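What follows is the content of protein_9.cif, which has mmCIF, C-alpha atoms:
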```cif
data_my_file
#
loop_
_atom_site.label_atom_id
_atom_site.label_comp_id
_atom_site.auth_asym_id
_atom_site.auth_seq_id
_atom_site.Cartn_x
_atom_site.Cartn_y
_atom_site.Cartn_z
CA MET C 183 -17.73 20.33 -22.20
CA HIS C 184 -14.78 20.02 -19.84
CA VAL C 185 -13.55 16.48 -19.18
CA GLU C 186 -10.79 15.11 -16.93
CA ILE C 187 -9.85 11.88 -15.18
CA ASN C 188 -11.20 12.23 -11.66
CA ARG C 189 -8.60 12.25 -8.90
CA HIS C 190 -10.03 9.13 -7.22
CA ALA C 191 -11.96 6.16 -8.55
CA LEU C 192 -15.71 6.54 -7.98
CA ASP C 193 -14.98 9.99 -6.52
CA ARG C 194 -14.36 8.37 -3.15
CA VAL C 195 -11.31 9.19 -1.05
CA PRO C 196 -9.25 6.00 -0.67
CA LEU C 197 -8.71 4.61 2.82
CA SER C 198 -5.84 2.19 3.34
CA ILE C 199 -3.58 0.83 6.07
CA ILE C 200 0.10 -0.01 5.77
CA PHE C 201 1.62 -2.76 7.92
CA ASP C 202 5.39 -2.70 8.26
CA ASP C 203 7.80 -5.18 9.88
CA SER C 204 5.52 -8.22 9.51
CA THR C 205 6.89 -11.59 8.46
CA VAL C 206 6.45 -15.34 8.94
CA LEU C 207 5.74 -16.08 12.64
CA VAL C 208 8.83 -14.43 14.09
CA ASN C 209 8.73 -11.00 15.72
CA LEU C 210 11.46 -9.38 13.66
CA ASN C 211 11.80 -6.61 16.24
CA TYR C 212 12.97 -8.93 19.02
CA PHE C 213 16.10 -9.65 17.01
CA TRP C 214 16.36 -6.19 15.47
CA MET C 215 16.51 -4.47 18.87
CA ARG C 216 18.82 -7.14 20.28
CA ASP C 217 21.29 -6.64 17.41
CA ARG C 218 20.98 -2.86 17.17
CA ASN C 219 21.29 -1.91 20.85
CA PRO C 220 25.07 -2.61 20.98
CA VAL C 221 25.59 -0.54 17.81
CA ASP C 222 24.03 2.70 19.03
CA GLY C 223 24.11 2.19 22.79
CA GLN C 224 20.34 2.28 23.21
CA GLY C 225 18.45 0.30 25.84
CA ARG C 226 15.47 -0.85 23.86
CA ARG C 227 13.38 -3.49 25.64
CA TRP C 228 14.13 -6.39 23.33
CA GLU C 229 13.86 -8.99 26.12
CA ASP C 230 10.34 -7.79 26.96
CA VAL C 231 8.83 -8.24 23.50
CA PRO C 232 7.58 -11.60 22.23
CA VAL C 233 9.75 -13.74 19.96
CA VAL C 234 6.71 -14.99 18.00
CA HIS C 235 3.55 -13.46 16.59
CA PRO C 236 1.32 -16.55 16.46
CA GLU C 237 -0.55 -17.54 13.33
CA SER C 238 -3.81 -17.57 15.29
CA PHE C 239 -3.52 -13.80 15.84
CA VAL C 240 -2.73 -13.10 12.18
CA ARG C 241 -5.68 -15.25 11.13
CA GLU C 242 -8.06 -13.47 13.51
CA PHE C 243 -6.85 -10.09 12.26
CA ALA C 244 -7.19 -11.09 8.59
CA GLU C 245 -10.70 -12.45 9.04
CA TRP C 246 -11.73 -9.26 10.86
CA CYS C 247 -10.35 -7.12 8.03
CA ILE C 248 -12.25 -9.11 5.40
CA GLU C 249 -15.45 -8.86 7.44
CA ASN C 250 -15.03 -5.08 7.80
CA GLY C 251 -13.82 -4.34 4.28
CA VAL C 252 -10.39 -3.11 5.40
CA ARG C 253 -7.64 -3.12 2.74
CA GLY C 254 -4.02 -2.04 2.48
CA LYS C 255 -0.44 -3.33 2.37
CA PHE C 256 1.21 -6.08 4.46
CA SER C 257 4.99 -6.51 4.50
CA VAL C 258 6.58 -9.93 4.60
CA VAL C 259 10.29 -9.50 5.38
CA PRO C 260 12.02 -12.15 3.21
CA CYS C 261 15.00 -12.92 5.47
CA PRO C 262 14.03 -11.42 8.83
CA ALA C 263 17.00 -10.08 10.81
CA ALA C 264 19.22 -12.32 8.64
CA LEU C 265 17.88 -15.42 10.44
CA GLY C 266 17.25 -17.22 7.16
CA ARG C 267 15.25 -17.05 3.94
CA ILE C 268 11.58 -17.79 4.37
CA ASP C 269 11.59 -19.80 1.14
CA GLU C 270 14.23 -22.09 2.66
CA GLY C 271 12.78 -22.13 6.18
CA LEU C 272 13.61 -20.47 9.50
CA ALA C 273 15.38 -22.73 11.98
CA LEU C 274 13.14 -21.48 14.79
CA PHE C 275 10.07 -23.22 13.37
CA SER C 276 9.07 -26.52 11.85
CA LYS C 277 8.34 -26.80 8.16
CA GLU C 278 4.70 -27.51 9.01
CA GLN C 279 4.39 -24.35 11.09
CA GLN C 280 5.81 -22.20 8.33
CA GLU C 281 3.77 -23.80 5.57
CA SER C 282 0.63 -23.30 7.63
CA TRP C 283 1.40 -19.59 8.08
CA LEU C 284 2.16 -19.11 4.38
CA ARG C 285 -1.04 -20.89 3.36
CA MET C 286 -3.01 -18.69 5.75
CA CYS C 287 -1.35 -15.59 4.29
CA ARG C 288 -2.19 -16.59 0.73
CA GLU C 289 -5.79 -17.40 1.63
CA LEU C 290 -6.66 -14.60 4.07
CA ILE C 291 -4.15 -11.74 3.81
CA THR C 292 -3.73 -11.41 0.04
CA PRO C 293 -7.45 -10.91 -0.75
CA ALA C 294 -7.35 -7.60 1.15
CA PHE C 295 -3.67 -6.62 1.25
CA ASP C 296 -0.80 -6.20 -1.16
CA ILE C 297 2.30 -8.11 -0.17
CA THR C 298 5.66 -6.35 -0.29
CA PRO C 299 9.14 -7.22 0.90
CA GLU C 300 10.70 -4.79 3.35
CA MET C 301 13.96 -5.35 1.57
CA ILE C 302 15.83 -8.48 2.48
CA THR C 303 16.45 -8.44 6.25
CA HIS C 304 15.21 -5.12 7.68
CA SER C 305 18.51 -5.13 9.57
CA PHE C 306 21.95 -6.03 8.19
CA VAL C 307 22.79 -5.50 4.53
CA VAL C 308 23.49 -8.95 3.11
CA ASP C 309 25.12 -10.43 0.06
CA PRO C 310 22.08 -11.02 -2.18
CA LYS C 311 23.57 -14.30 -3.40
CA THR C 312 24.06 -15.82 0.06
CA CYS C 313 21.79 -13.64 2.26
CA ARG C 314 24.62 -13.46 4.80
CA PRO C 315 25.57 -10.13 6.41
CA LEU C 316 28.45 -8.23 4.86
CA GLU C 317 31.70 -8.04 6.81
CA SER C 318 31.13 -4.30 7.15
CA ARG C 319 27.95 -5.02 9.18
CA ILE C 320 26.19 -2.03 7.68
CA TRP C 321 22.41 -1.73 8.07
CA GLU C 322 19.72 -1.41 5.43
CA GLN C 323 17.90 1.50 7.08
CA TYR C 324 20.96 3.46 8.21
CA GLU C 325 23.93 3.28 5.87
CA TRP C 326 21.63 2.57 2.93
CA ALA C 327 19.43 5.60 3.55
CA THR C 328 21.80 6.82 0.86
CA LEU C 329 21.84 4.06 -1.72
CA PRO C 330 25.05 3.45 -3.71
CA VAL C 331 23.92 5.18 -6.91
CA ASP C 332 27.09 4.08 -8.69
CA GLN C 333 26.08 0.42 -8.18
CA GLU C 334 22.76 0.23 -9.98
CA GLU C 335 23.22 -3.42 -10.93
CA LEU C 336 23.83 -4.38 -7.29
CA MET C 337 20.73 -2.51 -6.10
CA VAL C 338 18.53 -4.08 -8.75
CA GLU C 339 19.85 -7.52 -7.75
CA TYR C 340 19.31 -6.74 -4.06
CA ILE C 341 15.69 -5.63 -4.43
CA ALA C 342 14.93 -8.36 -6.98
CA THR C 343 16.22 -10.97 -4.52
CA ALA C 344 13.80 -9.68 -1.88
CA CYS C 345 10.93 -9.89 -4.38
CA ARG C 346 11.97 -13.32 -5.67
CA ILE C 347 11.99 -14.90 -2.19
CA LEU C 348 8.37 -13.84 -1.73
CA ASP C 349 7.42 -14.98 -5.21
CA ASN C 350 8.98 -18.37 -4.42
CA VAL C 351 6.46 -18.90 -1.59
CA GLY C 352 3.44 -17.77 -3.60
CA LEU C 353 3.34 -14.22 -2.26
CA THR C 354 4.05 -12.27 -5.42
CA PRO C 355 4.74 -8.66 -4.41
CA GLU C 356 2.97 -5.63 -5.87
CA GLY C 357 5.86 -3.38 -4.88
CA VAL C 358 8.44 -2.84 -2.16
CA THR C 359 8.67 -1.20 1.25
CA SER C 360 11.64 0.65 2.74
CA PRO C 361 13.01 -0.72 6.00
CA GLY C 362 13.28 2.54 7.93
CA GLY C 363 15.32 5.13 6.08
CA PHE C 364 16.28 2.84 3.16
CA GLY C 365 16.58 4.93 -0.01
CA GLY C 366 15.23 8.09 1.56
CA ARG C 367 18.16 10.31 0.60
CA THR C 368 18.35 8.95 -2.97
CA LEU C 369 14.65 8.77 -3.75
CA GLU C 370 14.81 9.20 -7.52
CA PHE C 371 17.39 6.42 -7.84
CA TYR C 372 15.42 4.25 -5.43
CA ALA C 373 12.26 4.63 -7.52
CA LYS C 374 14.22 3.61 -10.61
CA VAL C 375 15.82 0.45 -9.21
CA ALA C 376 12.67 -0.56 -7.33
CA GLY C 377 10.72 -0.44 -10.58
CA ILE C 378 13.31 -2.37 -12.58
CA ALA C 379 13.77 -5.03 -9.89
CA THR C 380 10.09 -5.62 -9.14
CA ARG C 381 9.23 -5.74 -12.83
CA GLU C 382 12.06 -8.23 -13.44
CA VAL C 383 10.50 -10.68 -10.99
CA THR C 384 6.77 -10.08 -11.44
CA GLY C 385 6.32 -8.49 -14.86
CA ASN C 386 4.11 -5.84 -13.23
CA PRO C 387 4.25 -2.71 -15.43
CA THR C 388 3.31 -0.37 -12.56
CA PRO C 389 4.81 -1.53 -9.24
CA TYR C 390 5.05 0.88 -6.32
CA PHE C 391 7.27 1.66 -3.35
CA PHE C 392 6.60 2.95 0.15
CA LYS C 393 9.09 5.16 1.93
CA ARG C 394 7.61 8.52 2.94
CA VAL C 395 5.12 9.62 5.59
CA SER C 396 3.26 12.94 5.48
CA ASP C 397 1.43 13.28 8.79
CA ASP C 398 0.64 16.96 8.27
CA GLY C 399 -0.50 18.89 5.19
CA SER C 400 -1.39 17.55 1.77
CA VAL C 401 -0.75 14.01 0.54
CA GLU C 402 0.01 13.16 -3.08
CA THR C 403 0.47 9.89 -4.97
CA PRO C 404 3.58 10.54 -7.08
CA VAL C 405 4.25 8.74 -10.34
CA TRP C 406 7.89 8.11 -11.31
CA TYR C 407 9.41 7.15 -14.67
CA ALA C 408 6.15 7.18 -16.63
CA ASP C 409 6.67 5.82 -20.15
CA ARG C 410 3.54 6.05 -22.31
CA GLU C 411 5.01 3.99 -25.12
CA SER C 412 5.72 0.95 -22.95
CA GLY C 413 2.88 1.55 -20.49
CA THR C 414 5.24 1.38 -17.51
CA ALA C 415 5.67 3.56 -14.44
CA VAL C 416 6.52 3.37 -10.75
CA GLY C 417 3.94 4.56 -8.25
CA GLU C 418 4.70 5.85 -4.78
CA ILE C 419 2.35 5.45 -1.84
CA ILE C 420 2.81 8.08 0.86
CA ALA C 421 1.35 7.40 4.31
CA SER C 422 -0.91 10.13 5.67
CA THR C 423 -0.49 9.49 9.40
CA GLY C 424 2.06 8.73 12.05
CA ASP C 425 1.82 5.44 13.90
CA TRP C 426 -0.32 5.63 17.02
CA THR C 427 -1.05 1.89 17.15
CA GLY C 428 1.89 0.80 19.31
CA SER C 429 4.56 1.85 16.81
CA TRP C 430 7.63 -0.10 15.73
CA THR C 431 8.69 -0.99 19.28
CA GLY C 432 5.47 -2.86 19.99
CA TYR C 433 5.00 -0.95 23.23
CA GLY C 434 4.62 2.58 21.87
CA GLU C 435 1.77 5.08 22.03
CA VAL C 436 -1.79 4.13 21.12
CA ASP C 437 -4.39 6.84 20.54
CA PRO C 438 -7.42 6.55 18.24
CA ASN C 439 -8.12 10.26 18.68
CA LYS C 440 -5.03 11.19 16.70
CA TYR C 441 -6.60 9.40 13.75
CA ILE C 442 -10.22 10.44 14.32
CA THR C 443 -11.87 11.82 17.44
CA ALA C 444 -15.05 10.46 18.98
CA ASP C 445 -17.05 13.41 17.61
CA LEU C 446 -15.69 12.53 14.13
CA GLN C 447 -14.45 16.09 13.58
CA GLY C 448 -10.84 16.01 14.77
CA GLY C 449 -7.78 13.93 14.00
CA ARG C 450 -5.67 13.42 10.91
CA LEU C 451 -8.07 11.25 8.90
CA PRO C 452 -11.03 13.67 8.70
CA ALA C 453 -8.57 16.38 7.63
CA CYS C 454 -7.33 14.17 4.78
CA ILE C 455 -10.83 13.14 3.75
CA ASN C 456 -12.11 16.73 3.75
CA ALA C 457 -9.13 17.75 1.61
CA GLY C 458 -9.74 14.88 -0.82
CA ASP C 459 -6.32 13.38 -0.03
CA PRO C 460 -5.68 9.64 0.36
CA ALA C 461 -6.15 8.63 4.01
CA VAL C 462 -3.40 6.03 4.45
CA LEU C 463 -2.64 4.87 7.98
CA CYS C 464 0.90 3.80 8.89
CA SER C 465 1.19 0.92 11.37
CA HIS C 466 3.68 -1.71 12.51
CA TRP C 467 2.73 -5.32 13.04
CA GLN C 468 4.45 -5.60 16.42
CA GLY C 469 2.34 -2.70 17.70
CA PHE C 470 -0.86 -4.45 16.64
CA TYR C 471 0.06 -7.51 18.69
CA GLY C 472 1.76 -5.66 21.55
CA LEU C 473 3.65 -7.38 24.32
CA HIS C 474 1.44 -10.49 24.54
CA ASN C 475 -1.73 -12.00 23.14
CA ASP C 476 -4.00 -10.14 25.57
CA ASP C 477 -2.33 -6.79 24.90
CA ARG C 478 -3.34 -6.14 21.25
CA ARG C 479 -2.95 -2.41 21.82
CA GLY C 480 -2.69 -1.54 18.16
CA PHE C 481 -5.41 -3.88 16.94
CA ASN C 482 -7.90 -2.63 19.53
CA THR C 483 -7.09 0.98 18.69
CA PHE C 484 -7.56 0.29 15.00
CA LYS C 485 -10.96 -1.30 15.62
CA THR C 486 -12.06 1.97 17.21
CA VAL C 487 -10.71 3.94 14.24
CA VAL C 488 -12.55 1.75 11.73
CA ARG C 489 -15.80 2.05 13.69
CA ARG C 490 -15.51 5.84 13.72
CA LEU C 491 -14.74 5.96 10.00
CA LYS C 492 -17.93 4.00 9.37
CA GLU C 493 -19.85 6.49 11.50
CA LEU C 494 -18.30 9.35 9.51
CA ASP C 495 -19.41 7.85 6.18
CA PRO C 496 -22.15 5.33 6.98
CA ARG C 497 -23.39 4.96 3.38
CA GLY C 498 -19.93 4.74 1.83
CA GLU C 499 -20.50 7.84 -0.28
CA ARG C 500 -17.22 9.65 0.39
CA THR C 501 -14.63 6.98 1.16
CA GLN C 502 -13.63 3.46 0.14
CA TRP C 503 -11.00 1.04 1.46
CA ARG C 504 -8.33 0.23 -1.12
CA LYS C 505 -5.17 -1.79 -1.45
CA CYS C 506 -2.15 0.50 -1.86
CA SER C 507 -1.64 -0.87 -5.37
CA GLU C 508 -5.16 0.20 -6.32
CA ILE C 509 -4.32 3.76 -5.27
CA THR C 510 -0.97 3.89 -7.06
CA ASN C 511 -2.17 2.09 -10.22
CA TYR C 512 -5.02 4.57 -10.54
CA ALA C 513 -2.55 7.46 -10.13
CA CYS C 514 -0.35 5.96 -12.87
CA ALA C 515 -3.34 5.59 -15.19
CA ARG C 516 -4.50 9.14 -14.51
CA GLU C 517 -1.01 10.56 -15.07
CA MET C 518 -0.47 8.73 -18.35
CA THR C 519 -3.88 8.98 -20.01
CA GLU C 520 -4.18 11.13 -23.12
CA LEU C 521 -7.66 12.63 -23.42
CA ASN C 522 -9.19 14.47 -26.38
CA VAL C 523 -12.71 15.85 -26.72
CA HIS C 524 -14.45 16.31 -30.06
CA GLY C 525 -17.97 17.60 -29.66
CA GLN C 526 -19.73 15.11 -27.38
CA THR C 527 -17.18 12.35 -27.98
CA ILE C 528 -14.21 11.66 -25.69
CA HIS C 529 -11.22 9.79 -27.09
CA LEU C 530 -8.99 8.13 -24.47
CA ASP C 531 -5.54 6.70 -25.05
CA LEU C 532 -4.84 4.51 -22.01
CA PRO C 533 -1.31 3.08 -21.69
CA VAL C 534 -2.38 1.87 -18.22
CA ARG C 535 -5.91 0.53 -17.78
CA VAL C 536 -7.43 0.22 -14.32
CA PRO C 537 -10.84 -0.80 -12.99
CA GLU C 538 -13.34 1.91 -12.11
CA LEU C 539 -11.67 4.58 -14.21
CA THR C 540 -13.75 7.66 -13.43
CA LEU C 541 -14.36 10.63 -15.69
CA ARG C 542 -15.43 14.03 -14.37
CA LEU C 543 -17.55 16.09 -16.77
CA LYS C 544 -18.47 19.75 -16.35
CA ASP C 545 -20.40 22.31 -18.40
CA VAL C 546 -22.68 19.74 -19.98
CA ASP C 547 -26.19 18.43 -19.24
CA VAL C 548 -25.70 14.67 -19.44
CA ARG C 549 -28.61 12.38 -20.28
CA GLY C 550 -26.57 9.27 -21.00
CA VAL C 551 -23.05 7.87 -21.41
CA LYS C 552 -21.75 5.10 -23.66
CA VAL C 553 -18.32 3.47 -23.45
CA ASP C 554 -17.25 1.79 -26.69
CA GLY C 555 -20.91 1.61 -27.62
CA SER C 556 -22.14 0.10 -24.34
CA PRO C 557 -24.40 2.34 -22.21
CA LEU C 558 -23.72 3.04 -18.57
CA ARG C 559 -26.62 2.93 -16.12
CA GLU C 560 -27.62 6.13 -14.35
CA ALA C 561 -27.18 6.09 -10.57
CA SER C 562 -29.88 7.96 -8.67
CA THR C 563 -27.77 8.62 -5.56
CA ARG C 564 -24.11 9.01 -4.68
CA ALA C 565 -24.27 5.80 -2.64
CA ALA C 566 -25.54 3.96 -5.73
CA PHE C 567 -22.72 5.32 -7.92
CA THR C 568 -20.65 2.22 -8.70
CA ASN C 569 -18.67 0.83 -11.59
CA GLY C 570 -20.63 0.81 -14.85
CA THR C 571 -22.77 3.82 -13.92
CA PHE C 572 -22.85 7.60 -14.20
CA PHE C 573 -24.06 10.07 -11.60
CA THR C 574 -24.77 13.80 -11.70
CA GLU C 575 -24.50 16.08 -8.68
CA GLY C 576 -24.13 19.83 -8.44
CA GLY C 577 -23.62 20.28 -12.17
CA ILE C 578 -20.84 17.65 -12.33
CA THR C 579 -21.28 14.22 -13.89
CA PHE C 580 -19.09 11.27 -12.92
CA ALA C 581 -18.84 8.20 -15.16
CA ALA C 582 -17.06 5.01 -14.00
CA PHE C 583 -16.15 1.98 -16.09
CA ASP C 584 -13.53 -0.70 -16.72
CA PRO C 585 -11.68 0.13 -19.95
CA THR C 586 -10.63 -2.93 -21.94
CA GLU C 587 -8.79 -1.33 -24.84
CA ARG C 588 -5.98 1.20 -24.97
CA LYS C 589 -8.07 3.27 -27.39
CA THR C 590 -11.43 3.83 -25.71
CA VAL C 591 -14.28 6.02 -26.96
CA VAL C 592 -16.82 7.59 -24.61
CA GLU C 593 -20.00 9.16 -26.06
CA VAL C 594 -21.90 11.72 -24.02
CA ILE C 595 -25.63 11.95 -24.78
CA VAL C 596 -27.14 15.36 -24.10
#
```

For the structure just supplied, provide its representation as structure tokens.
Amino acid sequence: MHVEINRHALDRVPLSIIFDDSTVLVNLNYFWMRDRNPVDGQGRRWEDVPVVHPESFVREFAEWCIENGVRGKFSVVPCPAALGRIDEGLALFSKEQQESWLRMCRELITPAFDITPEMITHSFVVDPKTCRPLESRIWEQYEWATLPVDQEELMVEYIATACRILDNVGLTPEGVTSPGGFGGRTLEFYAKVAGIATREVTGNPTPYFFKRVSDDGSVETPVWYADRESGTAVGEIIASTGDWTGSWTGYGEVDPNKYITADLQGGRLPACINAGDPAVLCSHWQGFYGLHNDDRRGFNTFKTVVRRLKELDPRGERTQWRKCSEITNYACAREMTELNVHGQTIHLDLPVRVPELTLRLKDVDVRGVKVDGSPLREASTRAAFTNGTFFTEGGITFAAFDPTERKTVVEVIV
């Protein structure tokens, strides 16, 4: 009998969507482009984009995602464009406006999306104690593409400050997101300080970070700094697509066919799904809203993509929407599990325990499965294969369950 932890929970390719640049009410990009144009001499259309992304739009989007089962990651920039800390209030809005948005986010966004900071400002590097720009006026995504590896304490404080601001408003982060190039040239160091900082604020043993995009070829879910003794690690979510939902400008390209074509055969997402790789879309909040409330170029494009994905897998047999943390936590658990087989008994040592842990069994005719003495139900179809069941197809048996103990025993009945 050959046994391994299956690559994906329930043997379904995870679908997810990443939203960058989002924050409380303000369109970060209005100020980002305004402040960046003089630095690099570009003529970005900052005066043409809206200053505000209204709560009503965010609410409509969130309710639609819940209705359609969409899940992913949603950034909340803690001190957008250095305008002020969201836990202290932005001068542009009343306290009531901001509290209403935060309440909406807690009630409607967090059920389906992880929250992450996109470091502190997504523009100027600031003093983490004051959140005021440094005299050098360096930028998080440019000069700090190479993080100061000789200043580990500073970087931990910087990232922890970003996480703490969100935690202060009841949006405890599951990980962190890079503003642009932040950390990209010092990835190993970035993974280290991101893990230390996030864990310091939240206590989460397996936080994650988002930096890289792989819009061609295979997509992995790397695990950094795995420590079996302490049960800690840092996951990394890698986006599988470019952004064709209006992009970071808010007025960029939209094209559902680059994700999935109308005949369901072409585009990046079917290629990922067919390869068994996570299908993680990369989007920017300003592109979803567009230039005004009737634009919604990104949101409308995404609705088409979601409809086509449902047509591709109408019974939900091959794919499942996941939060990014669900994908990375599962990867951490899979990486760190120690598995031993003795006859028809499987002994698991699980430093990280995740829901829907899925075993893949080959070279055995399975009649039943017990986990710590409790039998799993047999699923008659792939669509019926859910947590707490086992399912056999093509000589392979899958068994899914929620482990409760680090030492878990699985008995295979033949």

Self-check item: Ser507 (chain C) surroundings by all atoms listed in the file, 12 Å radius, close-in-sequence under 4 positions cut, as a PyMOL selection string
Solution: chain C and resi 196+198-200+253-256+294-298+355-358+386-392+403+416-420+503+511-515+536-537

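In this model, the gap between CA of Thr590 (chain C) and CA of Leu530 (chain C) comes to 5.1 Å.
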
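Here the PyMOL selection byres ((chain C and resi 565) around 12) matches the residues Leu192, Asp193, Arg194, Asp495, Pro496, Arg497, Gly498, Glu499, Arg500, Thr501, Gln502, Ala561, Ser562, Thr563, Arg564, Ala566, Phe567, Thr568, Asn569, Thr571, Phe572, Phe573 and Glu575 of chain C.
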
Self-check item: Within 8 Å of Leu290 (chain C) using all atoms listed in the file, minus same-chain residues under 2 positions, as a VMD selection string
Solution: chain C and resid 241 244 to 245 248 286 to 288 292 to 294

Quiz item: With distances taken over only C-alpha atoms, which of C:Ile442, C:Leu207, C:Val534, C:Ala344 is nearest to Arg516 (chain C)?
Solution: C:Val534

Practice problem: Using the chain letters and residue numbers of this document, give as JSON, numbers by chain the residues selected by the PyMOL selection byres ((chain C and resi 477) around 12). | Solution: {"C": [231, 232, 239, 427, 428, 432, 433, 436, 468, 469, 470, 471, 472, 473, 474, 475, 476, 478, 479, 480, 481, 482, 483]}

Put those residues in a file: C-alpha atoms, as an mmCIF file, in the frame of the given file.
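Now in result10.cif:
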```cif
data_model
loop_
_atom_site.group_PDB
_atom_site.id
_atom_site.type_symbol
_atom_site.label_atom_id
_atom_site.label_comp_id
_atom_site.auth_asym_id
_atom_site.auth_seq_id
_atom_site.Cartn_x
_atom_site.Cartn_y
_atom_site.Cartn_z
ATOM 1 C CA VAL C 231 8.830 -8.240 23.500
ATOM 2 C CA PRO C 232 7.580 -11.600 22.230
ATOM 3 C CA PHE C 239 -3.520 -13.800 15.840
ATOM 4 C CA THR C 427 -1.050 1.890 17.150
ATOM 5 C CA GLY C 428 1.890 0.800 19.310
ATOM 6 C CA GLY C 432 5.470 -2.860 19.990
ATOM 7 C CA TYR C 433 5.000 -0.950 23.230
ATOM 8 C CA VAL C 436 -1.790 4.130 21.120
ATOM 9 C CA GLN C 468 4.450 -5.600 16.420
ATOM 10 C CA GLY C 469 2.340 -2.700 17.700
ATOM 11 C CA PHE C 470 -0.860 -4.450 16.640
ATOM 12 C CA TYR C 471 0.060 -7.510 18.690
ATOM 13 C CA GLY C 472 1.760 -5.660 21.550
ATOM 14 C CA LEU C 473 3.650 -7.380 24.320
ATOM 15 C CA HIS C 474 1.440 -10.490 24.540
ATOM 16 C CA ASN C 475 -1.730 -12.000 23.140
ATOM 17 C CA ASP C 476 -4.000 -10.140 25.570
ATOM 18 C CA ARG C 478 -3.340 -6.140 21.250
ATOM 19 C CA ARG C 479 -2.950 -2.410 21.820
ATOM 20 C CA GLY C 480 -2.690 -1.540 18.160
ATOM 21 C CA PHE C 481 -5.410 -3.880 16.940
ATOM 22 C CA ASN C 482 -7.900 -2.630 19.530
ATOM 23 C CA THR C 483 -7.090 0.980 18.690
#
```

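What separates CA of His235 (chain C) from CA of Lys277 (chain C) is a distance of 16.5 Å.
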
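Note that CA of Gly570 (chain C) and CA of His529 (chain C) are 17.9 Å apart.
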
Exercise. Name the residues captured by the PyMOL selection byres ((chain C and resi 547) around 6) when it is applied to the shown file; answer as a PyMOL selection string.
Key: chain C and resi 546+548+596

Quiz item: Which neighbours of Glu587 (chain C) fall inside 9 Å, counting all atoms listed in the file, when residues of the same chain fewer than 4 positions from it are skipped, and could you give them as JSON, numbers by chain?
Solution: {"C": [531, 532, 535]}

Please identify all polymer residues within 8 Å of region 328-342 of chain C, counting all atoms listed in the file, omitting same-chain residues fewer than 4 positions from it, and present them as a short mmCIF file (atom, residue, chain, number, x, y, z; two decimals) with C-alpha atoms, keeping the file's coordinate frame.
```
data_model
loop_
_atom_site.label_atom_id
_atom_site.label_comp_id
_atom_site.auth_asym_id
_atom_site.auth_seq_id
_atom_site.Cartn_x
_atom_site.Cartn_y
_atom_site.Cartn_z
CA MET C 301 13.96 -5.35 1.57
CA ILE C 302 15.83 -8.48 2.48
CA PRO C 310 22.08 -11.02 -2.18
CA ARG C 346 11.97 -13.32 -5.67
CA PHE C 364 16.28 2.84 3.16
CA GLY C 365 16.58 4.93 -0.01
CA GLY C 366 15.23 8.09 1.56
CA ARG C 367 18.16 10.31 0.60
CA THR C 368 18.35 8.95 -2.97
CA PHE C 371 17.39 6.42 -7.84
CA TYR C 372 15.42 4.25 -5.43
CA VAL C 375 15.82 0.45 -9.21
CA ALA C 376 12.67 -0.56 -7.33
CA ILE C 378 13.31 -2.37 -12.58
CA ALA C 379 13.77 -5.03 -9.89
CA THR C 380 10.09 -5.62 -9.14
CA GLU C 382 12.06 -8.23 -13.44
CA VAL C 383 10.50 -10.68 -10.99
#
```

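Using only C-alpha atoms, the nearest neighbour of Trp406 (chain C) within the list C:Met183, C:Ala263, C:Leu541, C:Met518 is C:Met518.
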
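The closest residue to Leu210 (chain C), picked from C:Glu300, C:Glu249, C:Glu281, C:Glu317 and counting all atoms listed in the file, is C:Glu300.
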
Exercise. Dig up all the protein and nucleic acid residues within 9 Å of (30.4, -5.5, 3.5) in the file frame, using only C-alpha atoms, and format them as number ranges by chain.
Key: C: 307-309, 315-320

How would the residues just chosen look if you wrote them out with C-alpha atoms as a PDB file, in the coordinates of the input?
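Okay, this is what ended up in result_34.pdb:
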```pdb
ATOM      1  CA  VAL C 307      22.790  -5.500   4.530  1.00  0.00           C
ATOM      2  CA  VAL C 308      23.490  -8.950   3.110  1.00  0.00           C
ATOM      3  CA  ASP C 309      25.120 -10.430   0.060  1.00  0.00           C
ATOM      4  CA  PRO C 315      25.570 -10.130   6.410  1.00  0.00           C
ATOM      5  CA  LEU C 316      28.450  -8.230   4.860  1.00  0.00           C
ATOM      6  CA  GLU C 317      31.700  -8.040   6.810  1.00  0.00           C
ATOM      7  CA  SER C 318      31.130  -4.300   7.150  1.00  0.00           C
ATOM      8  CA  ARG C 319      27.950  -5.020   9.180  1.00  0.00           C
ATOM      9  CA  ILE C 320      26.190  -2.030   7.680  1.00  0.00           C
TER      10      ILE C 320
END
```

Rebuild region 588-592 of chain C so that it carries N, CA and C atoms, then output the result as a compact mmCIF listing (two decimals), keeping the file's coordinate frame.
```
# COMPACT_ATOMS: atom_id res chain seq x y z
N ARG C 588 -6.79 -0.02 -25.12
CA ARG C 588 -5.98 1.20 -24.97
C ARG C 588 -6.71 2.40 -25.58
N LYS C 589 -7.30 2.22 -26.75
CA LYS C 589 -8.07 3.27 -27.39
C LYS C 589 -9.53 3.07 -27.03
N THR C 590 -10.06 3.95 -26.20
CA THR C 590 -11.43 3.83 -25.71
C THR C 590 -12.20 5.09 -26.10
N VAL C 591 -13.44 4.91 -26.54
CA VAL C 591 -14.28 6.02 -26.96
C VAL C 591 -15.48 6.13 -26.03
N VAL C 592 -15.70 7.33 -25.50
CA VAL C 592 -16.82 7.59 -24.61
C VAL C 592 -17.74 8.61 -25.31
```
